[in-house]
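Q: Got my_file08.txt for you, compact mmCIF, C-alpha atoms:
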```
# COMPACT_ATOMS: atom_id res chain seq x y z
CA MET L 1402 -1.20 -10.16 2.88
CA ILE L 1403 -3.96 -7.54 2.84
CA ARG L 1404 -5.79 -6.65 6.05
CA LYS L 1405 -7.76 -3.76 7.54
CA LEU L 1406 -5.70 -1.21 9.39
CA THR L 1407 -6.51 -0.26 12.98
CA GLU L 1408 -5.47 2.44 15.40
CA ALA L 1409 -2.49 0.26 16.31
CA ASP L 1410 -1.21 0.80 12.75
CA ARG L 1411 -1.35 4.62 12.91
CA ARG L 1412 2.36 5.28 13.37
CA ASN L 1413 3.41 2.77 10.73
CA ALA L 1414 0.81 3.98 8.21
CA LEU L 1415 1.63 7.67 8.65
CA GLN L 1416 5.36 7.00 8.38
CA PHE L 1417 4.72 5.07 5.16
CA VAL L 1418 2.65 7.74 3.40
CA SER L 1419 4.73 10.63 4.79
CA GLU L 1420 7.62 9.60 2.57
CA ARG L 1421 5.69 11.40 -0.21
CA PRO L 1422 3.50 13.99 1.58
CA ALA L 1423 2.33 15.79 -1.57
CA GLU L 1424 1.16 12.62 -3.28
CA ASN L 1425 -0.49 11.40 -0.06
CA LEU L 1426 -2.10 14.65 1.05
CA PHE L 1427 -5.59 13.13 1.26
CA ILE L 1428 -4.56 9.94 3.04
CA ILE L 1429 -2.50 11.82 5.63
CA GLY L 1430 -5.29 14.31 6.25
CA ASP L 1431 -8.01 11.68 6.56
CA ILE L 1432 -5.96 9.60 9.01
CA GLU L 1433 -5.21 12.67 11.14
CA VAL L 1434 -8.83 13.87 11.16
CA TYR L 1435 -10.86 10.64 11.17
CA GLY L 1436 -8.48 7.95 12.37
CA PHE L 1437 -9.26 4.25 11.99
CA ASP L 1438 -12.51 3.87 13.94
CA ASN L 1439 -14.75 6.46 12.27
CA PRO L 1440 -17.42 4.80 10.07
CA ILE L 1441 -16.91 7.48 7.41
CA GLN L 1442 -13.73 5.73 6.25
CA MET L 1443 -11.80 2.45 6.20
CA LEU L 1444 -8.18 1.64 5.44
CA TRP L 1445 -6.44 -1.52 4.28
CA GLY L 1446 -2.75 -2.28 4.09
CA GLU L 1447 -0.77 -4.81 2.11
CA PHE L 1448 2.14 -6.27 4.06
CA ALA L 1449 5.20 -8.15 2.88
CA LYS L 1450 6.18 -11.41 4.58
CA SER L 1451 8.65 -9.42 6.63
CA GLY L 1452 5.79 -7.32 8.01
CA ARG L 1453 6.78 -4.24 6.01
CA LEU L 1454 3.88 -2.13 4.73
CA ARG L 1455 3.85 -2.15 0.91
CA ALA L 1456 0.60 -0.37 -0.06
CA ILE L 1457 -2.44 1.41 1.40
CA LEU L 1458 -6.04 1.55 0.21
CA LEU L 1459 -8.32 4.22 1.72
CA LYS L 1460 -12.10 4.30 1.39
CA PHE L 1461 -13.66 7.66 2.28
CA ILE L 1462 -17.48 7.45 1.93
CA ASP L 1463 -17.68 6.14 -1.68
CA ASN L 1464 -14.24 7.21 -2.91
CA TYR L 1465 -11.14 4.97 -2.90
CA ILE L 1466 -7.54 6.19 -2.96
CA VAL L 1467 -4.67 3.77 -3.49
CA TYR L 1468 -0.97 4.36 -2.86
CA ALA L 1469 2.01 2.08 -3.40
CA PRO L 1470 5.57 3.23 -4.18
CA ASP L 1471 6.48 -0.12 -5.77
CA GLU L 1472 4.75 -3.31 -6.92
CA PHE L 1473 1.65 -4.26 -4.96
CA ASN L 1474 -1.34 -6.61 -5.00
CA ALA L 1475 -3.50 -4.58 -7.37
CA GLU L 1476 -5.88 -7.51 -7.87
CA GLY L 1477 -6.44 -7.80 -4.13
CA PHE L 1478 -7.29 -4.11 -3.80
CA ALA L 1479 -9.61 -4.33 -6.82
CA LYS L 1480 -11.44 -7.24 -5.17
CA ILE L 1481 -12.24 -5.03 -2.16
CA MET L 1482 -13.69 -2.36 -4.46
CA ASN L 1483 -15.61 -4.85 -6.60
CA GLU L 1484 -17.35 -6.22 -3.51
CA ASP L 1485 -18.40 -2.74 -2.33
CA HIS L 1486 -21.81 -1.67 -3.69
CA ASP L 1487 -21.08 1.94 -2.63
CA PHE L 1488 -17.94 2.19 -4.78
CA LYS L 1489 -18.26 5.25 -7.09
CA PHE L 1490 -14.86 6.93 -7.33
CA LEU L 1491 -11.19 5.96 -7.57
CA SER L 1492 -8.35 8.46 -7.20
CA GLY L 1493 -4.59 8.32 -7.07
CA ILE L 1494 -1.36 8.68 -8.98
CA GLU L 1495 -2.19 7.60 -12.54
CA SER L 1496 0.54 4.97 -12.79
CA ILE L 1497 -0.78 3.33 -9.61
CA ILE L 1498 -4.50 3.25 -10.38
CA ARG L 1499 -3.73 1.99 -13.90
CA GLN L 1500 -2.44 -1.18 -12.23
CA VAL L 1501 -5.80 -1.66 -10.51
CA GLU L 1502 -7.93 -0.94 -13.59
CA PRO L 1503 -7.64 -4.36 -15.34
CA TYR L 1504 -9.10 -6.13 -12.28
CA LEU L 1505 -12.14 -3.89 -11.80
CA ASP L 1506 -15.55 -5.28 -12.76
CA LYS L 1507 -16.59 -1.93 -14.25
CA GLN L 1508 -14.77 0.70 -16.26
CA PRO L 1509 -14.62 4.41 -15.37
CA ALA L 1510 -17.34 6.55 -16.94
CA ASP L 1511 -15.28 9.73 -16.64
CA PRO L 1512 -11.53 8.93 -16.40
CA ARG L 1513 -10.11 12.42 -15.74
CA ILE L 1514 -6.33 12.72 -15.68
CA LEU L 1515 -4.85 15.94 -14.25
CA HIS L 1516 -1.35 17.33 -13.90
CA TYR L 1517 -0.09 17.17 -10.33
CA ALA L 1518 2.44 19.73 -9.09
CA LYS L 1519 4.12 20.58 -5.79
CA CYS L 1520 6.02 23.49 -4.26
CA GLU L 1521 8.54 23.25 -1.41
CA GLN L 1522 10.30 26.65 -1.53
CA ALA L 1523 9.11 30.25 -1.34
CA ASP L 1524 12.02 31.95 -3.11
CA ARG L 1525 10.18 32.32 -6.45
CA LEU L 1526 6.89 33.62 -5.06
CA GLN L 1527 5.90 37.04 -6.35
CA LYS L 1528 6.23 40.08 -4.12
CA VAL L 1529 3.00 41.97 -3.55
CA PRO L 1530 3.22 45.70 -4.51
CA SER L 1531 2.71 48.14 -1.65
CA HIS L 1532 -0.50 49.50 -3.17
CA ILE L 1533 -2.14 46.04 -3.23
CA GLU L 1534 -3.73 44.78 -0.01
CA VAL L 1535 -4.20 41.03 0.30
CA LYS L 1536 -6.45 40.00 3.18
CA ARG L 1537 -6.93 36.71 4.99
CA ALA L 1538 -10.55 35.54 5.02
CA VAL L 1539 -12.59 34.80 8.13
CA PRO L 1540 -15.71 32.60 8.27
CA ASP L 1541 -18.01 35.60 7.75
CA ASP L 1542 -16.36 36.13 4.33
CA ALA L 1543 -17.62 32.76 3.04
CA GLU L 1544 -20.60 34.13 1.11
CA ARG L 1545 -18.51 36.79 -0.65
CA ILE L 1546 -15.83 34.24 -1.54
CA VAL L 1547 -18.36 31.86 -3.10
CA GLU L 1548 -19.97 34.73 -5.00
CA GLN L 1549 -16.58 35.65 -6.47
CA LEU L 1550 -15.71 32.07 -7.42
CA ARG L 1551 -19.03 31.64 -9.19
CA GLY L 1552 -18.14 34.65 -11.32
CA VAL L 1553 -14.86 33.15 -12.60
CA PRO L 1554 -15.39 31.42 -15.99
CA GLU L 1555 -12.82 28.69 -15.23
CA PHE L 1556 -15.03 27.49 -12.39
CA ALA L 1557 -18.28 27.46 -14.37
CA SER L 1558 -18.74 23.71 -13.95
CA SER L 1559 -17.72 23.68 -10.27
CA THR L 1560 -20.07 23.62 -7.32
CA PHE L 1561 -19.50 25.84 -4.29
CA ASP L 1562 -21.27 25.70 -0.97
CA VAL L 1563 -21.29 28.71 1.36
CA GLU L 1564 -21.74 26.71 4.56
CA ARG L 1565 -19.02 24.23 3.65
CA ASN L 1566 -16.69 27.13 2.86
CA ARG L 1567 -17.59 28.77 6.16
CA GLU L 1568 -16.90 25.54 8.07
CA THR L 1569 -13.55 25.07 6.31
CA LEU L 1570 -12.45 28.56 7.33
CA HIS L 1571 -13.73 27.93 10.86
CA ASN L 1572 -12.08 24.55 11.51
CA GLY L 1573 -8.76 25.39 9.87
CA SER L 1574 -8.81 22.65 7.23
CA GLY L 1575 -8.44 25.41 4.63
CA ARG L 1576 -7.82 29.13 4.33
CA THR L 1577 -8.34 31.89 1.76
CA TRP L 1578 -6.47 35.08 0.92
CA TYR L 1579 -8.27 37.66 -1.22
CA ILE L 1580 -8.22 41.10 -2.80
CA GLU L 1581 -11.34 43.27 -2.74
CA LYS L 1582 -12.57 46.45 -4.38
CA ASP L 1583 -15.47 48.53 -3.09
CA GLY L 1584 -16.44 45.75 -0.72
CA GLN L 1585 -16.50 43.07 -3.44
CA ILE L 1586 -13.96 40.24 -3.52
CA ILE L 1587 -12.42 40.31 -7.00
CA SER L 1588 -9.60 37.77 -6.66
CA SER L 1589 -8.72 34.94 -4.29
CA ALA L 1590 -6.68 31.81 -3.68
CA SER L 1591 -7.48 29.08 -1.18
CA SER L 1592 -6.13 25.94 0.42
CA THR L 1593 -8.01 22.78 1.31
CA ALA L 1594 -7.34 19.34 2.78
CA GLU L 1595 -4.67 20.81 5.05
CA ASN L 1596 -2.84 18.42 7.33
CA SER L 1597 0.27 18.60 9.47
CA GLN L 1598 2.57 18.10 6.47
CA SER L 1599 0.89 19.38 3.32
CA ALA L 1600 -1.94 21.40 1.78
CA MET L 1601 -3.79 21.55 -1.54
CA ILE L 1602 -4.05 24.89 -3.38
CA VAL L 1603 -7.48 25.47 -4.98
CA GLY L 1604 -9.80 28.20 -6.20
CA VAL L 1605 -7.15 30.49 -7.69
CA GLY L 1606 -8.99 33.01 -9.84
CA THR L 1607 -10.02 36.57 -10.61
CA LEU L 1608 -13.26 38.09 -11.88
CA PRO L 1609 -12.99 38.63 -15.70
CA GLU L 1610 -13.08 42.43 -15.55
CA HIS L 1611 -10.07 42.48 -13.21
CA GLN L 1612 -7.87 39.89 -14.90
CA LYS L 1613 -4.43 40.40 -16.52
CA ARG L 1614 -3.17 42.35 -13.49
CA GLY L 1615 -1.55 39.51 -11.59
CA LEU L 1616 -4.04 39.69 -8.72
CA ALA L 1617 -4.56 35.93 -8.38
CA SER L 1618 -0.79 35.43 -8.35
CA TYR L 1619 -0.48 37.90 -5.48
CA CYS L 1620 -3.18 36.07 -3.50
CA MET L 1621 -1.50 32.77 -4.22
CA SER L 1622 1.94 34.05 -3.25
CA VAL L 1623 0.75 35.26 0.15
CA LEU L 1624 -1.15 32.01 0.74
CA CYS L 1625 1.76 29.81 -0.30
CA LYS L 1626 4.32 31.72 1.76
CA GLU L 1627 2.21 31.38 4.87
CA LEU L 1628 1.83 27.63 4.38
CA LEU L 1629 5.49 27.10 3.51
CA ASP L 1630 6.48 29.07 6.63
CA GLU L 1631 4.50 26.43 8.53
CA SER L 1632 6.68 23.75 6.87
CA LYS L 1633 3.80 22.42 4.78
CA MET L 1634 4.46 21.04 1.31
CA LEU L 1635 2.07 22.50 -1.26
CA CYS L 1636 0.40 20.68 -4.13
CA LEU L 1637 -2.26 21.34 -6.75
CA PHE L 1638 -4.03 19.86 -9.76
CA TYR L 1639 -4.35 21.56 -13.11
CA ASP L 1640 -5.42 20.65 -16.63
CA ASN L 1641 -5.00 24.06 -18.26
CA PRO L 1642 -1.49 24.54 -19.75
CA ASP L 1643 -1.71 28.32 -19.27
CA ALA L 1644 -2.44 27.84 -15.58
CA GLY L 1645 0.44 25.39 -15.39
CA THR L 1646 2.79 28.03 -16.76
CA ILE L 1647 1.74 30.47 -14.04
CA TYR L 1648 2.17 27.89 -11.28
CA LYS L 1649 5.62 26.90 -12.52
CA ARG L 1650 6.67 30.54 -12.65
CA ILE L 1651 6.13 30.88 -8.90
CA GLY L 1652 7.88 27.66 -7.97
CA PHE L 1653 5.62 24.66 -8.58
CA VAL L 1654 7.09 21.63 -10.35
CA ASP L 1655 5.22 18.76 -11.98
CA ILE L 1656 5.44 15.47 -10.09
CA GLY L 1657 3.19 13.35 -12.28
CA LYS L 1658 -0.42 12.78 -13.26
CA TRP L 1659 -3.39 12.29 -10.93
CA GLY L 1660 -6.39 10.20 -11.85
CA MET L 1661 -9.92 11.07 -10.75
CA TRP L 1662 -12.24 8.38 -12.06
CA SER L 1663 -15.98 8.10 -11.58
CA PHE L 1664 -18.00 4.90 -11.99
CA ASN L 1665 -21.69 4.36 -12.66
```
Give the structure from this file in structure tokens form.
A:
Amino acid sequence: MIRKLTEADRRNALQFVSERPAENLFIIGDIEVYGFDNPIQMLWGEFAKSGRLRAILLKFIDNYIVYAPDEFNAEGFAKIMNEDHDFKFLSGIESIIRQVEPYLDKQPADPRILHYAKCEQADRLQKVPSHIEVKRAVPDDAERIVEQLRGVPEFASSTFDVERNRETLHNGSGRTWYIEKDGQIISSASSTAENSQSAMIVGVGTLPEHQKRGLASYCMSVLCKELLDESKMLCLFYDNPDAGTIYKRIGFVDIGKWGMWSFN
């Protein structure tokens, strides 16, 4: 049986997705921040005859995320999406969303598949040399952070918003650690979608003229240690094998593939 979830389902739903906090970072965070009554999102659950929760479908604005550790009613979830005229995006563990795909009325226009990795221990994080100062950003640093990110070639196709970055730093849903030179931020690493159990690592990069010195790794190490000390599991996406090598060197391990599909 599939039905909408309500506030009465909070404990059961969070317990269900918390069994895999890295894979369910977005669902956990959205439940904690927006709950079950905010019009910005809706949640459905599939229940076994015994009443046990088997799968969750989250709609956040126009993006759906599906999670199920075992077999689930993929056709039933697809029906919900097919009947939604606002449906534009589908995300989730690749093996899960592939089960939904055959029942969708439209096919993804841009079926991106990314590597998904997590980190649970800080013992392999790099030590920052004494002559390198890594600073934690405050909201007033937002403009300088965005300026630096726009100068990193790997992020050429990304969009960055100063006010959104400022708000993230203000409300605590993300944080940034950076290295600067002569007042200019030259390297940084950030978190986003933080919740009580996990956090996503994003925006790890250095301006071209300062690369090959390990600066981004230092920023990332400080950021990751702080989050791990707060007992948060860390996760990230990557599609660049070279970046994957760096992440694995400091303790990240692959846990699968993540699909990010867009629909016309």
Q: Would you mind telling me which residue in L:Arg1545, L:His1571, L:Arg1525, L:Lys1633 lies nearest to Gly1652 (chain L) when using only C-alpha atoms?
A: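 Ranked by minimum distance to Gly1652 (chain L), first place goes to L:Arg1525.
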Q: For Ser1618 (chain L), which residue out of L:Lys1519, L:Arg1576, L:Lys1528, L:Arg1551 is the nearest one, using all atoms listed in the file?
A: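 Answer, going by the shortest atom-to-atom distance: L:Lys1528.
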Q: Please compute the CA of Gly1615 (chain L)-CA of Ser1558 (chain L) distance, one decimal, in Å.
A: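 Those two atoms sit 23.5 Å apart.
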Q: Would you pick out the contacts of Pro1503 (chain L) at 10 Å or less, using only C-alpha atoms, so that residues sharing its chain but fewer than 6 positions from it are not included, and give the list as an NGL selection string?
A: :L and (1475-1476 or 1479)
Q: CA of Pro1554 (chain L) and CA of Gly1584 (chain L), how far apart in Å?
A: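 Computing the Euclidean distance for CA of Gly1584 (chain L) and CA of Pro1554 (chain L) yields 21.0 Å.
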Q: I'd like the contact shell of region 1432-1445 of chain L - 8 Å cut-off, only C-alpha atoms, skipping same-chain residues fewer than 6 positions apart - returned as a list in words.
A: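 Residues near the query, excluding close chain neighbours: Ile1403, Arg1404, Lys1405, Leu1406, Thr1407, Glu1408, Arg1411, Leu1415, Ile1457, Leu1458, Leu1459, Lys1460, Phe1461, Ile1462 and Asn1596 of chain L.
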Q: With all atoms listed in the file as the counted atoms, please give the residues lying no more than 7 Å from Cys1620 (chain L), apart from itself and same-chain residues fewer than 2 positions off, as a ChimeraX atom specification.
A: /L:1535,1578-1579,1589-1590,1616-1618,1622-1624
Q: Which residues are close to Met1661 (chain L), i.e. within 7 Å by only C-alpha atoms, leaving aside same-chain residues fewer than 4 positions away? Reply as an MDAnalysis selection string.
A: chainID L and resid 1491:1492 1512:1514
Q: Of the candidates L:Gly1604, L:Gly1493, L:Gly1645, L:Pro1609, which one gets nearest to Trp1662 (chain L) if we count only C-alpha atoms?
A: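 Of the candidates, the smallest distance to Trp1662 (chain L) is held by L:Gly1493.
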Q: Using all atoms listed in the file, find the one residue out of L:Glu1502, L:Asp1511, L:Glu1581, L:Asp1524 that sits nearest to Ala1538 (chain L).
A: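 Among L:Glu1502, L:Asp1511, L:Glu1581, L:Asp1524, it is L:Glu1581 that comes nearest to Ala1538 (chain L).
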Q: With all atoms listed in the file as the basis for distance, which of L:Ile1429, L:Ile1494, L:Glu1424, L:Met1402 is at the shortest distance from Asn1474 (chain L)?
A: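 Using all atoms listed in the file, the shortest distance to Asn1474 (chain L) belongs to L:Met1402.
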Q: Nearest to Ser1559 (chain L): which of L:Val1547, L:His1516, L:Ala1523, L:Ser1592 is it, counting all atoms listed in the file?
A: L:Val1547
Q: Write out as a list in words the residues lying within 10 Å of Pro1540 (chain L), counting only C-alpha atoms and excluding same-chain residues fewer than 4 positions away.
A: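 These residues fall inside the cut-off: Glu1544, Ile1546, Val1563, Glu1564, Asn1566, Arg1567, Glu1568, Thr1569, Leu1570, His1571, Asn1572, Arg1576 and Thr1577 of chain L.
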Q: Could you work out how far CA of Gln1527 (chain L) lies from CA of Ile1647 (chain L), giving the answer in Å with one decimal?
A: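 About the pair CA of Ile1647 (chain L) and CA of Gln1527 (chain L): they are 10.9 Å apart.
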Q: Please write as a PyMOL selection string the list of polymer residues whose atoms come within 12 Å of (3.5, 28.6, 6.5), counting all atoms listed in the file and keeping to the coordinates of the file.
A: chain L and resi 1521-1523+1576+1592+1595+1597-1600+1622-1635
Q: For the point (4.4, 4.0, -8.1) in the file's frame, write as a PDB file with C-alpha atoms, in the frame of the given file all residues with an atom no more than 8 Å away, counting only C-alpha atoms.
A:
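Now in point-v6.pdb:
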```pdb
ATOM      1  CA  TYR L1468      -0.970   4.360  -2.860  1.00  0.00           C
ATOM      2  CA  ALA L1469       2.010   2.080  -3.400  1.00  0.00           C
ATOM      3  CA  PRO L1470       5.570   3.230  -4.180  1.00  0.00           C
ATOM      4  CA  ASP L1471       6.480  -0.120  -5.770  1.00  0.00           C
ATOM      5  CA  GLU L1472       4.750  -3.310  -6.920  1.00  0.00           C
ATOM      6  CA  ILE L1494      -1.360   8.680  -8.980  1.00  0.00           C
ATOM      7  CA  SER L1496       0.540   4.970 -12.790  1.00  0.00           C
ATOM      8  CA  ILE L1497      -0.780   3.330  -9.610  1.00  0.00           C
TER       9      ILE L1497
END
```
